[in-house]
$ cat start.cif   # mmCIF, C-alpha atoms
data_entry
#
loop_
_atom_site.label_atom_id
_atom_site.label_comp_id
_atom_site.auth_asym_id
_atom_site.auth_seq_id
_atom_site.Cartn_x
_atom_site.Cartn_y
_atom_site.Cartn_z
CA MET R 27 135.27 71.68 99.27
CA ASN R 28 136.55 69.10 96.79
CA ALA R 29 134.62 67.25 94.09
CA GLU R 30 134.35 64.08 96.14
CA GLU R 31 132.82 65.98 99.05
CA VAL R 32 130.35 67.70 96.76
CA ALA R 33 129.42 64.33 95.25
CA LEU R 34 128.85 62.87 98.71
CA ILE R 35 126.52 65.74 99.67
CA THR R 36 124.53 65.68 96.44
CA SER R 37 124.11 61.91 96.46
CA LEU R 38 123.00 61.82 100.12
CA CYS R 39 120.48 64.61 99.55
CA ARG R 40 119.15 62.90 96.43
CA ALA R 41 118.84 59.47 98.05
CA ARG R 42 117.39 60.57 101.37
CA ALA R 43 115.17 63.50 100.42
CA GLY R 44 114.86 63.45 96.63
CA MET R 45 116.69 66.73 96.42
CA LYS R 46 118.29 68.06 93.27
CA LEU R 47 121.39 70.02 94.28
CA ALA R 48 123.42 71.93 91.75
CA PRO R 49 127.01 70.69 92.26
CA GLU R 50 128.46 74.08 91.39
CA LYS R 51 126.76 75.73 94.35
CA THR R 52 129.57 74.94 96.75
CA TYR R 53 129.25 78.28 98.50
CA TYR R 54 125.65 77.41 99.35
CA MET R 55 126.67 74.00 100.66
CA GLU R 56 129.43 75.49 102.77
CA SER R 57 127.14 78.11 104.27
CA ARG R 58 124.64 75.41 105.24
CA LEU R 59 127.11 72.82 106.51
CA GLY R 60 129.48 75.11 108.42
CA PRO R 61 127.03 75.43 111.33
CA VAL R 62 126.38 71.65 111.27
CA ALA R 63 130.10 70.92 111.53
CA ARG R 64 130.44 73.29 114.50
CA ARG R 65 127.32 71.92 116.22
CA GLU R 66 128.50 68.32 115.85
CA GLY R 67 131.94 69.16 117.19
CA PHE R 68 134.05 69.06 114.03
CA ASN R 69 136.74 71.57 113.13
CA SER R 70 135.72 71.81 109.49
CA ILE R 71 133.19 70.69 106.91
CA SER R 72 135.79 68.29 105.55
CA GLU R 73 136.07 66.60 108.96
CA LEU R 74 132.29 66.36 109.19
CA LEU R 75 132.03 64.76 105.74
CA ALA R 76 134.91 62.38 106.45
CA ALA R 77 133.04 61.22 109.54
CA VAL R 78 129.82 60.81 107.54
CA ARG R 79 131.70 58.67 105.04
CA ALA R 80 133.55 56.60 107.64
CA ARG R 81 130.81 56.07 110.21
CA ARG R 82 127.66 56.05 108.08
CA GLU R 83 125.70 57.06 111.16
CA GLU R 84 122.07 57.94 110.48
CA PRO R 85 121.85 60.99 112.79
CA LEU R 86 124.93 62.54 111.21
CA ILE R 87 123.71 61.83 107.68
CA TRP R 88 120.35 63.41 108.49
CA ALA R 89 122.03 66.43 110.06
CA VAL R 90 123.69 67.04 106.68
CA VAL R 91 120.56 66.37 104.59
CA GLU R 92 118.29 68.42 106.82
CA ALA R 93 120.64 71.39 106.76
CA MET R 94 120.71 71.28 102.97
CA ALA R 95 116.92 70.95 102.77
CA ALA R 96 116.10 73.71 105.24
CA GLY R 97 113.89 76.22 103.49
CA GLU R 98 113.66 79.95 103.92
CA THR R 99 110.23 81.41 104.46
CA TRP R 100 108.38 84.41 105.80
CA PHE R 101 104.99 85.45 107.11
CA PHE R 102 102.17 85.70 104.53
CA ARG R 103 104.55 84.92 101.68
CA ASP R 104 102.88 86.00 98.39
CA ARG R 105 99.89 87.31 100.43
CA THR R 106 97.19 86.22 97.94
CA PRO R 107 97.05 82.51 98.91
CA PHE R 108 96.14 83.51 102.46
CA ARG R 109 93.47 85.91 101.26
CA GLN R 110 92.09 83.21 98.95
CA PHE R 111 92.11 80.71 101.80
CA ARG R 112 90.14 83.13 103.99
CA ASP R 113 87.69 84.41 101.38
CA GLU R 114 87.18 81.42 99.09
CA LEU R 115 88.69 78.06 100.02
CA ALA R 116 87.82 77.90 103.69
CA PRO R 117 84.21 79.14 103.36
CA GLN R 118 83.49 76.81 100.40
CA LEU R 119 85.05 73.75 101.98
CA ALA R 120 83.59 74.45 105.42
CA ARG R 121 80.11 74.54 103.85
CA ALA R 122 80.79 71.26 102.08
CA ARG R 123 82.01 69.65 105.32
CA ALA R 124 78.84 70.73 107.19
CA GLY R 125 80.31 71.17 110.65
CA GLN R 126 83.15 68.70 110.31
CA PRO R 127 86.51 70.40 110.87
CA LEU R 128 88.44 71.59 107.87
CA ARG R 129 91.88 70.01 107.76
CA VAL R 130 94.83 72.02 106.44
CA TRP R 131 98.41 70.87 106.05
CA SER R 132 101.48 73.07 105.67
CA ALA R 133 103.94 70.67 104.05
CA ALA R 134 107.62 71.56 104.37
CA CYS R 135 106.74 74.30 106.84
CA ALA R 136 110.38 75.22 107.60
CA THR R 137 110.43 77.62 110.54
CA GLY R 138 106.63 77.82 110.69
CA GLN R 139 105.76 81.24 109.31
CA GLU R 140 103.34 79.79 106.72
CA VAL R 141 101.28 77.71 109.12
CA TYR R 142 101.27 80.50 111.71
CA SER R 143 100.06 82.93 109.03
CA LEU R 144 97.20 80.48 108.47
CA ALA R 145 96.63 80.17 112.22
CA MET R 146 96.37 83.95 112.61
CA THR R 147 94.03 84.07 109.60
CA VAL R 148 91.86 81.36 111.15
CA ALA R 149 91.79 83.24 114.47
CA GLU R 150 90.33 86.27 112.68
CA MET R 151 87.82 84.09 110.82
CA VAL R 152 86.70 82.51 114.08
CA ASP R 153 86.10 86.02 115.50
CA VAL R 154 83.50 86.47 112.76
CA ASP R 155 82.15 82.90 112.72
CA PRO R 156 82.74 81.07 116.03
CA SER R 157 81.33 77.84 114.58
CA LEU R 158 84.20 77.57 112.09
CA ARG R 159 86.50 74.64 112.84
CA VAL R 160 89.91 74.40 111.19
CA GLU R 161 92.63 71.95 112.16
CA LEU R 162 96.16 72.92 111.16
CA ALA R 163 98.99 70.48 110.71
CA ALA R 164 102.56 71.31 109.76
CA SER R 165 105.49 69.14 108.84
CA ASP R 166 109.07 69.45 107.81
CA LEU R 167 111.99 67.18 107.07
CA SER R 168 114.25 69.11 109.41
CA SER R 169 113.76 68.42 113.11
CA LEU R 170 115.77 71.54 113.88
CA ALA R 171 113.39 73.67 111.80
CA LEU R 172 110.43 71.99 113.52
CA GLU R 173 111.87 72.78 116.94
CA ARG R 174 112.25 76.42 115.97
CA ALA R 175 108.78 76.47 114.45
CA GLN R 176 107.16 74.97 117.53
CA ALA R 177 108.87 77.50 119.79
CA GLY R 178 107.26 80.30 117.78
CA VAL R 179 110.06 82.76 118.54
CA TYR R 180 111.19 85.11 115.77
CA ASN R 181 113.72 87.91 115.61
CA GLN R 182 112.95 91.50 114.72
CA PHE R 183 113.94 90.97 111.10
CA GLU R 184 111.63 87.95 110.73
CA VAL R 185 108.57 89.67 112.24
CA GLN R 186 109.04 92.57 109.83
CA ARG R 187 108.96 90.32 106.81
CA GLY R 188 105.35 90.00 105.68
CA LEU R 189 103.68 90.33 109.07
CA PRO R 190 101.22 93.24 109.39
CA ILE R 191 101.92 95.29 112.51
CA ARG R 192 98.37 94.75 113.80
CA LEU R 193 98.96 91.02 113.89
CA LEU R 194 102.29 91.49 115.66
CA ALA R 195 100.56 93.63 118.27
CA ARG R 196 97.70 91.17 118.64
CA HIS R 197 99.50 87.82 118.72
CA PHE R 198 103.08 88.37 119.85
CA GLU R 199 104.85 89.38 123.01
CA LYS R 200 108.36 90.69 123.23
CA VAL R 201 110.84 88.44 124.99
CA ASP R 202 114.23 90.11 125.28
CA GLU R 203 115.03 91.15 121.71
CA ASN R 204 112.78 88.54 120.10
CA TRP R 205 109.05 88.13 119.55
CA LYS R 206 107.12 85.10 120.80
CA LEU R 207 103.78 84.02 119.36
CA SER R 208 100.91 83.63 121.81
CA ALA R 209 100.09 80.16 123.10
CA ALA R 210 96.60 80.55 121.60
CA ILE R 211 98.07 80.65 118.09
CA ARG R 212 100.80 78.07 118.68
CA GLN R 213 98.29 75.60 120.06
CA ARG R 214 96.30 75.68 116.85
CA VAL R 215 99.04 73.71 115.07
CA ARG R 216 99.98 70.02 115.24
CA TRP R 217 103.57 69.24 114.22
CA ARG R 218 105.15 66.20 112.62
CA ARG R 219 108.46 65.35 111.01
CA ILE R 220 107.61 64.14 107.51
CA ASN R 221 109.93 63.32 104.64
CA LEU R 222 107.85 63.90 101.51
CA LEU R 223 109.92 61.25 99.74
CA ALA R 224 109.06 58.56 102.27
CA GLY R 225 105.40 58.16 101.32
CA LEU R 226 102.31 60.03 102.44
CA LYS R 227 99.62 57.40 102.57
CA SER R 228 99.40 57.08 106.34
CA ILE R 229 99.46 60.75 107.25
CA GLY R 230 95.71 61.38 107.10
CA ARG R 231 93.37 63.42 104.87
CA PHE R 232 93.70 67.11 104.22
CA ASP R 233 91.22 69.41 102.52
CA VAL R 234 93.85 72.04 101.76
CA VAL R 235 97.55 71.37 101.30
CA PHE R 236 100.06 74.22 101.24
CA CYS R 237 103.18 72.77 99.61
CA ARG R 238 104.97 75.86 98.37
CA TYR R 239 108.51 76.38 97.15
CA VAL R 240 109.71 72.90 98.05
CA LEU R 241 109.00 70.61 95.08
CA GLY R 242 111.08 72.82 92.79
CA ALA R 243 114.21 71.82 94.72
CA MET R 244 113.50 68.12 94.13
CA THR R 245 114.38 65.77 91.30
CA GLU R 246 111.75 65.34 88.61
CA GLU R 247 111.17 61.76 89.70
CA THR R 248 110.51 62.90 93.28
CA GLN R 249 108.21 65.65 92.07
CA ARG R 250 106.08 63.10 90.19
CA LYS R 251 105.98 60.77 93.17
CA VAL R 252 105.02 63.47 95.68
CA VAL R 253 102.37 64.96 93.39
CA GLN R 254 100.82 61.50 92.89
CA GLU R 255 100.81 60.78 96.59
CA LEU R 256 99.30 64.16 97.42
CA THR R 257 96.18 63.01 95.58
CA LEU R 258 95.96 60.14 98.07
CA VAL R 259 95.73 62.44 101.07
CA MET R 260 93.24 64.86 99.51
CA PRO R 261 89.48 64.44 99.02
CA ASP R 262 88.02 65.03 95.54
CA ASP R 263 87.27 68.67 96.28
CA GLY R 264 90.58 69.30 98.06
CA VAL R 265 92.85 72.15 97.02
CA LEU R 266 96.61 72.11 96.57
CA VAL R 267 98.46 75.40 96.98
CA LEU R 268 101.83 75.70 95.26
CA GLY R 269 104.13 78.67 94.85
CA LEU R 270 102.86 81.32 92.44
CA LYS R 271 104.90 80.32 89.41
CA GLU R 272 106.09 76.88 90.43
CA ALA R 273 106.43 74.33 87.66
CA VAL R 274 106.20 70.76 88.94
CA ALA R 275 106.60 67.54 86.98
CA GLY R 276 103.49 65.36 86.87
CA LEU R 277 101.23 68.14 88.09
CA ASP R 278 99.16 68.35 84.89
CA GLU R 279 97.98 64.75 85.10
CA ALA R 280 97.06 64.66 88.78
CA PHE R 281 95.72 68.18 89.25
CA GLN R 282 93.92 70.92 87.37
CA PRO R 283 94.71 74.60 87.88
CA VAL R 284 91.96 76.68 89.42
CA VAL R 285 91.19 79.25 86.73
CA GLY R 286 92.30 82.76 87.63
CA ARG R 287 93.98 81.62 90.82
CA PRO R 288 97.71 81.17 90.18
CA GLY R 289 99.23 78.45 92.35
CA LEU R 290 95.89 76.83 93.24
CA TYR R 291 95.04 73.34 91.99
CA ARG R 292 92.17 70.93 92.37
CA ARG R 293 92.42 67.19 91.92
CA ASN R 294 91.85 65.87 88.44
CA PRO R 295 88.84 63.55 88.85
CA ALA R 296 90.08 61.42 85.93
CA PHE R 297 93.37 60.71 87.64
CA ARG R 298 93.87 57.80 89.98
CA ALA R 299 97.29 57.37 91.57
CA VAL R 300 98.84 53.99 91.07
CA ALA R 301 99.11 52.39 94.49
CA ALA R 302 102.81 52.07 95.11
CA MET F 1 103.43 110.58 91.00
CA ARG F 2 102.73 109.51 94.57
CA THR F 3 104.28 111.67 97.24
CA CYS F 4 105.89 110.67 100.51
CA LEU F 5 107.00 112.94 103.32
CA VAL F 6 110.03 111.58 105.13
CA VAL F 7 110.17 112.89 108.70
CA ASP F 8 113.35 112.23 110.67
CA ASP F 9 115.81 114.43 112.53
CA SER F 10 118.72 112.47 111.09
CA ARG F 11 119.82 113.75 107.72
CA VAL F 12 121.49 110.41 107.02
CA ILE F 13 118.29 108.45 107.65
CA ARG F 14 116.30 110.86 105.48
CA LYS F 15 118.80 110.38 102.67
CA VAL F 16 118.68 106.58 102.91
CA ALA F 17 114.88 106.54 103.08
CA ARG F 18 114.63 108.98 100.18
CA ARG F 19 116.73 106.74 97.97
CA ILE F 20 114.67 103.63 98.83
CA LEU F 21 111.33 105.36 98.34
CA GLU F 22 112.35 107.08 95.10
CA ASP F 23 113.29 103.64 93.79
CA ILE F 24 109.76 102.40 94.42
CA GLY F 25 108.25 105.39 92.70
CA TYR F 26 107.70 108.16 95.24
CA GLU F 27 108.35 111.83 94.99
CA ILE F 28 109.96 112.78 98.31
CA ALA F 29 109.68 115.75 100.61
CA GLU F 30 111.69 115.92 103.83
CA ALA F 31 111.05 117.32 107.28
CA ALA F 32 113.36 117.28 110.31
CA ASP F 33 110.69 117.32 113.02
CA GLY F 34 106.93 117.04 113.59
CA MET F 35 106.29 120.75 113.39
CA GLU F 36 108.00 121.06 110.03
CA ALA F 37 106.11 118.00 108.85
CA LEU F 38 102.81 119.51 109.88
CA ALA F 39 103.61 122.67 107.90
CA TRP F 40 104.31 120.49 104.84
CA CYS F 41 101.02 118.64 105.25
CA ARG F 42 99.05 121.87 105.58
CA ALA F 43 100.60 123.12 102.35
CA ALA F 44 100.20 119.87 100.39
CA MET F 45 98.88 116.64 101.90
CA PRO F 46 101.21 113.75 100.88
CA ASP F 47 100.02 110.24 100.01
CA ALA F 48 102.32 108.72 102.59
CA VAL F 49 104.40 109.72 105.61
CA LEU F 50 107.44 107.82 106.86
CA LEU F 51 107.69 108.97 110.46
CA ASP F 52 110.38 108.86 113.13
CA TRP F 53 109.27 108.91 116.78
CA ASN F 54 111.92 110.78 118.75
CA MET F 55 112.58 114.23 117.32
CA PRO F 56 113.16 117.72 118.75
CA VAL F 57 110.43 120.41 118.64
CA MET F 58 107.60 117.93 117.98
CA THR F 59 107.72 114.12 118.28
CA GLY F 60 106.33 111.77 115.67
CA ILE F 61 103.42 110.64 117.82
CA GLU F 62 102.34 114.21 118.53
CA PHE F 63 102.58 115.04 114.84
CA LEU F 64 100.43 112.02 114.00
CA ARG F 65 97.70 113.01 116.47
CA ARG F 66 97.64 116.54 115.10
CA LEU F 67 97.73 115.34 111.51
CA ARG F 68 94.71 113.08 112.02
CA ALA F 69 92.79 116.09 113.39
CA GLU F 70 93.54 118.22 110.31
CA PRO F 71 91.12 118.51 107.37
CA GLU F 72 92.07 115.68 104.96
CA GLY F 73 94.52 114.53 107.65
CA ASP F 74 93.03 111.04 107.62
CA LYS F 75 94.18 110.58 104.01
CA PRO F 76 97.94 109.95 104.23
CA VAL F 77 99.12 106.47 105.01
CA VAL F 78 101.46 106.84 107.96
CA VAL F 79 104.28 104.37 108.54
CA PHE F 80 106.29 104.80 111.71
CA CYS F 81 110.01 104.09 111.41
CA THR F 82 111.68 104.19 114.80
CA VAL F 83 114.09 102.53 117.21
CA GLU F 84 111.21 102.17 119.67
CA ASN F 85 110.51 98.45 119.41
CA ASP F 86 108.21 97.54 122.28
CA LEU F 87 104.50 96.76 122.26
CA ALA F 88 103.57 99.85 124.28
CA HIS F 89 104.93 102.15 121.58
CA ILE F 90 103.45 100.04 118.77
CA ASN F 91 99.99 100.10 120.35
CA GLU F 92 100.23 103.82 121.07
CA ALA F 93 101.08 104.40 117.41
CA LEU F 94 98.21 102.24 116.16
CA ASP F 95 95.78 103.96 118.56
CA ALA F 96 96.91 107.34 117.22
CA GLY F 97 96.12 106.23 113.66
CA ALA F 98 99.38 104.81 112.30
CA ASN F 99 98.91 102.35 109.42
CA GLU F 100 102.14 100.44 109.73
CA TYR F 101 105.23 100.37 111.90
CA ILE F 102 108.87 99.70 111.11
CA MET F 103 111.39 98.97 113.82
CA LYS F 104 114.88 100.25 112.99
CA PRO F 105 117.22 99.09 111.59
CA PHE F 106 115.38 98.83 108.28
CA ASP F 107 116.31 98.05 104.70
CA GLY F 108 114.70 98.58 101.32
CA ASP F 109 112.80 95.28 101.46
CA ILE F 110 111.20 96.11 104.79
CA ILE F 111 110.10 99.56 103.61
CA ALA F 112 108.71 98.24 100.33
CA ASP F 113 106.94 95.43 102.17
CA LYS F 114 105.45 97.66 104.86
CA PHE F 115 104.25 100.21 102.31
CA ALA F 116 102.56 97.40 100.38
CA GLU F 117 101.09 96.11 103.65
CA ALA F 118 99.67 99.56 104.32
CA GLY F 119 97.91 99.44 100.95
CA LEU F 120 100.27 101.65 98.96
#

$ encode --input "start.cif" --output "structure tokens"
Amino acid sequence: MNAEEVALITSLCRARAGMKLAPEKTYYMESRLGPVARREGFNSISELLAAVRARREEPLIWAVVEAMAAGETWFFRDRTPFRQFRDELAPQLARARAGQPLRVWSAACATGQEVYSLAMTVAEMVDVDPSLRVELAASDLSSLALERAQAGVYNQFEVQRGLPIRLLARHFEKVDENWKLSAAIRQRVRWRRINLLAGLKSIGRFDVVFCRYVLGAMTEETQRKVVQELTLVMPDDGVLVLGLKEAVAGLDEAFQPVVGRPGLYRRNPAFRAVAA
Amino acid sequence: MRTCLVVDDSRVIRKVARRILEDIGYEIAEAADGMEALAWCRAAMPDAVLLDWNMPVMTGIEFLRRLRAEPEGDKPVVVFCTVENDLAHINEALDAGANEYIMKPFDGDIIADKFAEAGL
């Protein structure tokens, strides 16, 4: 991959999705774009990028950006946030909502393991308290990732990464060599394609937002913008869940860390986002 | 130091598992079938057992049932590690008192993760 091609990829990803790509990571770019080139019928990445440059077609541009943005994830990643959701966040917020459903958003959900981990957690909570109502939404930039997520089919390697065997036995069935999540769990989730860079004001209100391991890959400017806009979709007592040690620009002004709970943030009541 | 009994009729698998588990801080004992494993447990109950299913003399599932009936036999955390990868086997293992279940092939990450999942 030559310098011009690398520049094209990095500038497209920055402009369309606010991504900060290290130009020296050409191996990473090649591993992501090789499958895109094949899928779109090109003989090489160079041919794909030449076509992007010549045709400037939106679907082709997005195929490149989405492939670069696609995140890797696994079930119950970091474990503690899911325990804290079950034991602290959900009970507190459900009490405060007095019967109104609790709304939870998995932002940049990739292939869905995070939101399904929440869905399985909610299923167990509902066993104990049938009056509990939790609505789960999930979004990603990549329509391919969303398709995979919605299908709820994972290979043997994926179901052994973070997923307790009891939950596999309870919620999955084996289909050929893969594992498919039950309809009961899949139907708990509403899916949407959302580009975090494109503005969040119209997406609704969410009491808990899981936005983990995505902002770190964005430019500082995008981080500030997304963090500001997250305050617009969250009520005053809403909770933002980031990755355990994620440092995000602009976070300190808009949010306050929950003491003793790494990765958890509440809105800063003194902060009001400037309407863009 | 925590102890783990690795039970598998394949010497190669035992060697691979030993290396992975020693890296995460276990002292390892090995057994080549369920009967041998049971003898180990009667002599000194381990903290954990990594257990194959299909073995000569005594299978993993039969060992597990017998282990759970022994005095102190409810103590070890038992993690199956087998090529059997269907729900019938998984449920049979859980019903017999297995704590976790690994479907082969496995790697170090899967073992470390499953042991953590099982509370070790």

$ atom_distance --input "start.cif" --atom1 "atom CA of Gln249 of chain R" --atom2 "atom CA of Cys135 of chain R"
17.2 Å

$ resolve_selection --input "start.cif" --expression "the PyMOL selection byres ((chain R and resi 248) around 9)" --output "JSON, numbers by chain"
{"R": [43, 44, 45, 222, 223, 241, 244, 245, 246, 247, 249, 250, 251, 252, 253, 275]}

$ atom_distance --input "start.cif" --atom1 "atom CA of Asp86 of chain F" --atom2 "atom CA of Leu189 of chain R"
15.7 Å

$ residues_around --input "start.cif" --residues "Asn181 of chain R" --least-positions-apart "2" --cutoff "10 Å" --atoms "all atoms listed in the file" --output "ChimeraX atom specification"
/R:179,183-186,200-206

$ write_last_selection --input "start.cif" --atoms "C-alpha atoms" --output "PDB file, keeping the file's coordinate frame"
ATOM      1  CA  VAL R 179     110.060  82.760 118.540  1.00  0.00           C
ATOM      2  CA  PHE R 183     113.940  90.970 111.100  1.00  0.00           C
ATOM      3  CA  GLU R 184     111.630  87.950 110.730  1.00  0.00           C
ATOM      4  CA  VAL R 185     108.570  89.670 112.240  1.00  0.00           C
ATOM      5  CA  GLN R 186     109.040  92.570 109.830  1.00  0.00           C
ATOM      6  CA  LYS R 200     108.360  90.690 123.230  1.00  0.00           C
ATOM      7  CA  VAL R 201     110.840  88.440 124.990  1.00  0.00           C
ATOM      8  CA  ASP R 202     114.230  90.110 125.280  1.00  0.00           C
ATOM      9  CA  GLU R 203     115.030  91.150 121.710  1.00  0.00           C
ATOM     10  CA  ASN R 204     112.780  88.540 120.100  1.00  0.00           C
ATOM     11  CA  TRP R 205     109.050  88.130 119.550  1.00  0.00           C
ATOM     12  CA  LYS R 206     107.120  85.100 120.800  1.00  0.00           C
TER      13      LYS R 206
END

$ resolve_selection --input "start.cif" --expression "the PyMOL selection byres ((chain F and resi 40) around 12)" --output "list in words"
Thr3, Cys4, Leu5, Val6, Val7, Ile28, Ala29, Glu30, Ala31, Ala32, Asp33, Gly34, Met35, Glu36, Ala37, Leu38, Ala39, Cys41, Arg42, Ala43, Ala44, Met45, Pro46, Val49, Phe63, Leu67 and Gly73 of chain F

$ write_last_selection --input "start.cif" --atoms "C-alpha atoms" --output "JSON list (two decimals), in the coordinates of the input"
[["chain", "number", "residue", "atom", "x", "y", "z"],
["F", 3, "THR", "CA", 104.28, 111.67, 97.24],
["F", 4, "CYS", "CA", 105.89, 110.67, 100.51],
["F", 5, "LEU", "CA", 107.00, 112.94, 103.32],
["F", 6, "VAL", "CA", 110.03, 111.58, 105.13],
["F", 7, "VAL", "CA", 110.17, 112.89, 108.70],
["F", 28, "ILE", "CA", 109.96, 112.78, 98.31],
["F", 29, "ALA", "CA", 109.68, 115.75, 100.61],
["F", 30, "GLU", "CA", 111.69, 115.92, 103.83],
["F", 31, "ALA", "CA", 111.05, 117.32, 107.28],
["F", 32, "ALA", "CA", 113.36, 117.28, 110.31],
["F", 33, "ASP", "CA", 110.69, 117.32, 113.02],
["F", 34, "GLY", "CA", 106.93, 117.04, 113.59],
["F", 35, "MET", "CA", 106.29, 120.75, 113.39],
["F", 36, "GLU", "CA", 108.00, 121.06, 110.03],
["F", 37, "ALA", "CA", 106.11, 118.00, 108.85],
["F", 38, "LEU", "CA", 102.81, 119.51, 109.88],
["F", 39, "ALA", "CA", 103.61, 122.67, 107.90],
["F", 41, "CYS", "CA", 101.02, 118.64, 105.25],
["F", 42, "ARG", "CA", 99.05, 121.87, 105.58],
["F", 43, "ALA", "CA", 100.60, 123.12, 102.35],
["F", 44, "ALA", "CA", 100.20, 119.87, 100.39],
["F", 45, "MET", "CA", 98.88, 116.64, 101.90],
["F", 46, "PRO", "CA", 101.21, 113.75, 100.88],
["F", 49, "VAL", "CA", 104.40, 109.72, 105.61],
["F", 63, "PHE", "CA", 102.58, 115.04, 114.84],
["F", 67, "LEU", "CA", 97.73, 115.34, 111.51],
["F", 73, "GLY", "CA", 94.52, 114.53, 107.65]]

$ decode --input "start.cif" --residues "segment 9-22 of chain F" --atoms "N, CA and C atoms" --output "compact mmCIF listing (two decimals), in the first residue's frame"
# COMPACT_ATOMS: atom_id res chain seq x y z
N ASP F 9 -6.29 -38.39 28.47
CA ASP F 9 -5.51 -39.57 28.06
C ASP F 9 -4.43 -39.21 27.03
N SER F 10 -4.46 -37.99 26.53
CA SER F 10 -3.41 -37.56 25.60
C SER F 10 -2.28 -36.87 26.36
N ARG F 11 -1.09 -37.43 26.20
CA ARG F 11 0.06 -36.85 26.89
C ARG F 11 0.35 -35.44 26.36
N VAL F 12 0.11 -35.27 25.06
CA VAL F 12 0.35 -33.97 24.43
C VAL F 12 -0.58 -32.89 25.02
N ILE F 13 -1.86 -33.24 25.14
CA ILE F 13 -2.81 -32.28 25.71
C ILE F 13 -2.43 -31.96 27.15
N ARG F 14 -2.07 -32.98 27.90
CA ARG F 14 -1.69 -32.74 29.31
C ARG F 14 -0.52 -31.77 29.39
N LYS F 15 0.43 -31.96 28.47
CA LYS F 15 1.62 -31.11 28.47
C LYS F 15 1.26 -29.65 28.14
N VAL F 16 0.41 -29.48 27.13
CA VAL F 16 -0.02 -28.14 26.74
C VAL F 16 -0.79 -27.47 27.88
N ALA F 17 -1.72 -28.22 28.47
CA ALA F 17 -2.53 -27.67 29.56
C ALA F 17 -1.67 -27.34 30.77
N ARG F 18 -0.70 -28.22 31.04
CA ARG F 18 0.20 -27.98 32.18
C ARG F 18 0.92 -26.65 32.01
N ARG F 19 1.44 -26.43 30.79
CA ARG F 19 2.20 -25.20 30.58
C ARG F 19 1.32 -23.96 30.79
N ILE F 20 0.10 -24.02 30.24
CA ILE F 20 -0.83 -22.88 30.36
C ILE F 20 -1.18 -22.63 31.83
N LEU F 21 -1.49 -23.71 32.54
CA LEU F 21 -1.95 -23.54 33.92
C LEU F 21 -0.81 -23.16 34.86
N GLU F 22 0.39 -23.67 34.58
CA GLU F 22 1.54 -23.25 35.40
C GLU F 22 1.78 -21.75 35.23
